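Since the structure comes first, as structure tokens, the remarks are kept for the end.
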Amino acid sequence: MSGKVLNAIDLFAGVGGLSLGFEMAGAKILMANEYDESIATSYVKNRPDNNMIIKDITKLDIKSTFANIKDSVDIVIGGPPCQGFSQKGQRKTINDPRNFLFKYYFNVVDFIRPKYFVMENVPNLLTAENGYFKKEITEMFSSIGYTINSDVLNASDFGVPQNRRRAFIIGKLGAEKVVFPQKKTKKTTAWEAISDLAFLNSGEGAFEQNYRNGSQSEYQKLLRSDSEKLFNHVATSHSDIAIKRMAMVPEGGGRNDLPKEELTKSIYSGTWGRIVKDDVAVTITTRFDTPSSGRFTHPFLNRAITVREAARLQSFPDNFVFYGTKTSQMKQVGNAVPPLLAKAVAEAIIKDNAGE
């Protein structure tokens, strides 16, 4: 089976970070599902095949939706929201109403019975309630024949220039576990990711523009390799007071460099902080255009990072274009699984399937 292309379906697909990583590894995405139309639109526009079902998964009839491809699916991937386990002081189980979307993921796996499944989520998934939630998930999938392996992976260990920790649960039909991918020894820094992008000031940039500089790192060469134009590189128009505050923060600095009268009441870690050039970036969130939301200010320019800079820090290639409103684009980037992290997980499964 070593030459077989593995077929996958992606549930709760978002803009498609998991899908893209699996495609990079050589898998084929037969079908995807995302309920947010603005996000699903970007997923579709970035792929030649329109295999997206834009619908609330709770409204899908699982049997009729997946019957035609059931026997062709090797892997089910996705990150179903699981909020119930995070509440402290009260034991929450898989039956918590807030976890009902997880049940739909399980029901799809139960119906299709693929050889593998991959579930991605917040690290707390594996540790909440002294591991009770993880144990419950393991028992559920074990009851239908899967052996589970789980771990928390940091994207920075797999070539992504970002400190982003995510839980992965990989299931395999039968009694054997899939071995997780090995970490890379070299980290990619934030500056290796974005140094070639045009030095825009607040409010500058355009949805589509020409590159002004050549590639300055191997990482940039990789992400630029299939793109002739630069997209989504538009700087936020900041207020005069925000620009004034950013100008007070030196390279590598943050809120501690601001005088008391300029401090805001932001609760975010790293608020007003600049991205550190020679280190990996902090976790990219959906509010990376707001300097008070975290360490999202450009290393030395007085503006927050652009959608394209955030996409670079998430390891999206430059030919992956984000569409819709700015708010939607930030949600697409900030909530995505970094493609290079997804690729590493996919390669571990492909290696397992080949019996290596």
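Naming works like this for the structure tokens: A, B, ... for the chains as they're shown, residue 1 at the start of each chain, ligands 1 onward in shown order.
The neighbours of Val234 (chain A) here are the residues that come within 8 Å of it, using only C-alpha atoms and leaving out any residue fewer than 2 positions away in the same chain; they are Leu200, Gly203, Glu204, Gly205, Ala206, Phe207, Asn232, Thr236, Thr306, Val307 and Arg308 of chain A.
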Asn201 (chain A) surroundings by only C-alpha atoms, 9 Å radius, close-in-sequence under 4 positions cut, as a ChimeraX atom specification: /A:205,235-237,301-303
For Leu173 (chain A), the nearest of the candidates A:Phe102, A:Phe288, A:Tyr146, A:Tyr323, counting only C-alpha atoms: A:Tyr146
Surrounding residues of Ala193 (chain A) excluding itself and chain neighbours under 2 positions, 7 Å, only C-alpha atoms, as a CSV table (one decimal) with C-alpha atoms, in the first residue's frame:
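Everything below was put into part36.csv:
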```
chain,number,residue,atom,x,y,z
A,161,PRO,CA,7.8,30.2,13.2
A,189,THR,CA,12.4,32.6,13.4
A,190,ALA,CA,9.7,35.3,12.9
A,191,TRP,CA,12.2,37.4,10.9
A,195,SER,CA,11.7,40.0,6.5
A,219,TYR,CA,11.4,29.4,4.5
A,220,GLN,CA,10.5,32.4,2.4
A,312,ARG,CA,3.5,33.5,7.1
A,313,LEU,CA,3.8,32.9,10.8
```
Residues flagged alpha helix (DSSP H) by DSSP in region 149-282 of chain A, as a ChimeraX atom specification: /A:190-194,218-224,240-248
Atom-to-atom span, CA of Glu262 (chain A) and CA of Ser239 (chain A), Å: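 So the answer is 13.8 Å.
One finds CA of Lys326 (chain A) at 25.2 Å from CA of Asp49 (chain A).
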Residue contacts of Thr264 (chain A) (9 Å, only C-alpha atoms) excluding same-chain residues fewer than 3 positions away, as a ChimeraX atom specification: /A:255,260-261,267,271,292
Strand (DSSP E or B) residues, from DSSP on the backbone, in region 99-273 of chain A, as a ChimeraX atom specification: /A:116-121,146-154,162,165-173,205-209,230-234
Same residues, N, CA and C atoms, saved as an mmCIF file, in the first residue's frame:
```cif
data_model
loop_
_atom_site.group_PDB
_atom_site.id
_atom_site.type_symbol
_atom_site.label_atom_id
_atom_site.label_comp_id
_atom_site.auth_asym_id
_atom_site.auth_seq_id
_atom_site.Cartn_x
_atom_site.Cartn_y
_atom_site.Cartn_z
ATOM 1 N N TYR A 116 -7.864 5.529 9.720
ATOM 2 C CA TYR A 116 -7.302 6.494 10.669
ATOM 3 C C TYR A 116 -8.274 7.648 10.906
ATOM 4 N N PHE A 117 -8.116 8.306 12.038
ATOM 5 C CA PHE A 117 -8.727 9.623 12.222
ATOM 6 C C PHE A 117 -7.753 10.498 12.992
ATOM 7 N N VAL A 118 -7.874 11.805 12.780
ATOM 8 C CA VAL A 118 -7.046 12.789 13.480
ATOM 9 C C VAL A 118 -7.963 13.853 14.056
ATOM 10 N N MET A 119 -7.866 14.062 15.363
ATOM 11 C CA MET A 119 -8.638 15.105 16.021
ATOM 12 C C MET A 119 -7.679 16.109 16.636
ATOM 13 N N GLU A 120 -7.910 17.382 16.344
ATOM 14 C CA GLU A 120 -7.037 18.458 16.819
ATOM 15 C C GLU A 120 -7.829 19.362 17.745
ATOM 16 N N ASN A 121 -7.184 19.829 18.834
ATOM 17 C CA ASN A 121 -7.910 20.649 19.795
ATOM 18 C C ASN A 121 -6.925 21.386 20.695
ATOM 19 N N TYR A 146 -10.881 1.363 17.623
ATOM 20 C CA TYR A 146 -9.693 2.198 17.376
ATOM 21 C C TYR A 146 -8.728 2.183 18.566
ATOM 22 N N THR A 147 -7.439 2.207 18.236
ATOM 23 C CA THR A 147 -6.395 2.396 19.236
ATOM 24 C C THR A 147 -5.906 3.833 19.134
ATOM 25 N N ILE A 148 -5.817 4.497 20.279
ATOM 26 C CA ILE A 148 -5.554 5.938 20.337
ATOM 27 C C ILE A 148 -4.107 6.218 20.738
ATOM 28 N N ASN A 149 -3.541 7.231 20.096
ATOM 29 C CA ASN A 149 -2.301 7.820 20.577
ATOM 30 C C ASN A 149 -2.525 9.323 20.616
ATOM 31 N N SER A 150 -2.097 9.975 21.686
ATOM 32 C CA SER A 150 -2.348 11.413 21.822
ATOM 33 C C SER A 150 -1.106 12.119 22.332
ATOM 34 N N ASP A 151 -0.979 13.384 21.942
ATOM 35 C CA ASP A 151 0.167 14.171 22.388
ATOM 36 C C ASP A 151 -0.137 15.648 22.142
ATOM 37 N N VAL A 152 0.609 16.510 22.831
ATOM 38 C CA VAL A 152 0.543 17.942 22.566
ATOM 39 C C VAL A 152 1.768 18.297 21.727
ATOM 40 N N LEU A 153 1.532 18.850 20.558
ATOM 41 C CA LEU A 153 2.614 19.230 19.657
ATOM 42 C C LEU A 153 2.732 20.741 19.603
ATOM 43 N N ASN A 154 3.972 21.220 19.549
ATOM 44 C CA ASN A 154 4.218 22.651 19.380
ATOM 45 C C ASN A 154 4.622 22.882 17.930
ATOM 46 N N GLN A 162 6.317 29.893 15.057
ATOM 47 C CA GLN A 162 5.295 30.311 16.020
ATOM 48 C C GLN A 162 5.215 29.319 17.180
ATOM 49 N N ARG A 165 0.865 25.551 20.714
ATOM 50 C CA ARG A 165 0.699 24.193 21.224
ATOM 51 C C ARG A 165 -0.725 23.713 20.979
ATOM 52 N N ARG A 166 -0.842 22.532 20.376
ATOM 53 C CA ARG A 166 -2.162 21.957 20.097
ATOM 54 C C ARG A 166 -2.156 20.474 20.423
ATOM 55 N N ALA A 167 -3.302 19.989 20.909
ATOM 56 C CA ALA A 167 -3.453 18.567 21.195
ATOM 57 C C ALA A 167 -3.873 17.835 19.928
ATOM 58 N N PHE A 168 -3.273 16.678 19.714
ATOM 59 C CA PHE A 168 -3.655 15.817 18.592
ATOM 60 C C PHE A 168 -3.971 14.425 19.130
ATOM 61 N N ILE A 169 -5.077 13.901 18.677
ATOM 62 C CA ILE A 169 -5.442 12.516 18.964
ATOM 63 C C ILE A 169 -5.506 11.790 17.634
ATOM 64 N N ILE A 170 -4.679 10.757 17.490
ATOM 65 C CA ILE A 170 -4.678 9.957 16.267
ATOM 66 C C ILE A 170 -5.219 8.580 16.601
ATOM 67 N N GLY A 171 -6.231 8.170 15.876
ATOM 68 C CA GLY A 171 -6.799 6.849 16.051
ATOM 69 C C GLY A 171 -6.491 5.968 14.852
ATOM 70 N N LYS A 172 -6.295 4.682 15.121
ATOM 71 C CA LYS A 172 -6.048 3.710 14.047
ATOM 72 C C LYS A 172 -6.875 2.458 14.325
ATOM 73 N N LEU A 173 -7.547 1.981 13.302
ATOM 74 C CA LEU A 173 -8.309 0.745 13.456
ATOM 75 C C LEU A 173 -7.373 -0.396 13.792
ATOM 76 N N GLY A 205 -0.722 49.580 1.941
ATOM 77 C CA GLY A 205 -0.828 48.237 1.388
ATOM 78 C C GLY A 205 -2.050 48.074 0.505
ATOM 79 N N ALA A 206 -2.118 46.919 -0.173
ATOM 80 C CA ALA A 206 -3.228 46.612 -1.071
ATOM 81 C C ALA A 206 -3.479 45.118 -1.055
ATOM 82 N N PHE A 207 -4.711 44.740 -1.392
ATOM 83 C CA PHE A 207 -5.069 43.319 -1.403
ATOM 84 C C PHE A 207 -4.131 42.531 -2.317
ATOM 85 N N GLU A 208 -3.789 43.108 -3.471
ATOM 86 C CA GLU A 208 -2.864 42.454 -4.407
ATOM 87 C C GLU A 208 -1.777 43.442 -4.781
ATOM 88 N N GLN A 209 -0.534 42.996 -4.732
ATOM 89 C CA GLN A 209 0.593 43.868 -5.076
ATOM 90 C C GLN A 209 1.767 43.029 -5.546
ATOM 91 N N LEU A 230 1.792 39.151 -4.382
ATOM 92 C CA LEU A 230 1.643 39.157 -2.937
ATOM 93 C C LEU A 230 0.221 39.601 -2.591
ATOM 94 N N PHE A 231 -0.467 38.811 -1.792
ATOM 95 C CA PHE A 231 -1.849 39.108 -1.423
ATOM 96 C C PHE A 231 -1.974 39.331 0.089
ATOM 97 N N ASN A 232 -3.015 40.058 0.475
ATOM 98 C CA ASN A 232 -3.393 40.216 1.888
ATOM 99 C C ASN A 232 -2.374 40.982 2.731
ATOM 100 N N HIS A 233 -1.507 41.745 2.075
ATOM 101 C CA HIS A 233 -0.506 42.494 2.840
ATOM 102 C C HIS A 233 -0.977 43.941 2.968
ATOM 103 N N VAL A 234 -1.885 44.173 3.907
ATOM 104 C CA VAL A 234 -2.492 45.488 4.119
ATOM 105 C C VAL A 234 -2.386 45.830 5.606
#
```
Separation of CA of Pro123 (chain A) from CA of Val337 (chain A), in Å and rounded to one decimal: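 These atoms are spaced 13.3 Å apart.
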Residues of region 103-193 of chain A within 12 Å of region 21-34 of chain A: nearest atom pair and distance (Å, one decimal) for each, counting only C-alpha atoms, sorted by chain and number, as a tab-separated table?
```
residue	atom	partner	partner_atom	distance
A:Tyr104	CA	A:Asn33	CA	11.9
A:Tyr105	CA	A:Asn33	CA	11.0
A:Val108	CA	A:Asn33	CA	11.7
A:Val118	CA	A:Phe22	CA	10.9
A:Phe158	CA	A:Gly21	CA	11.9
```
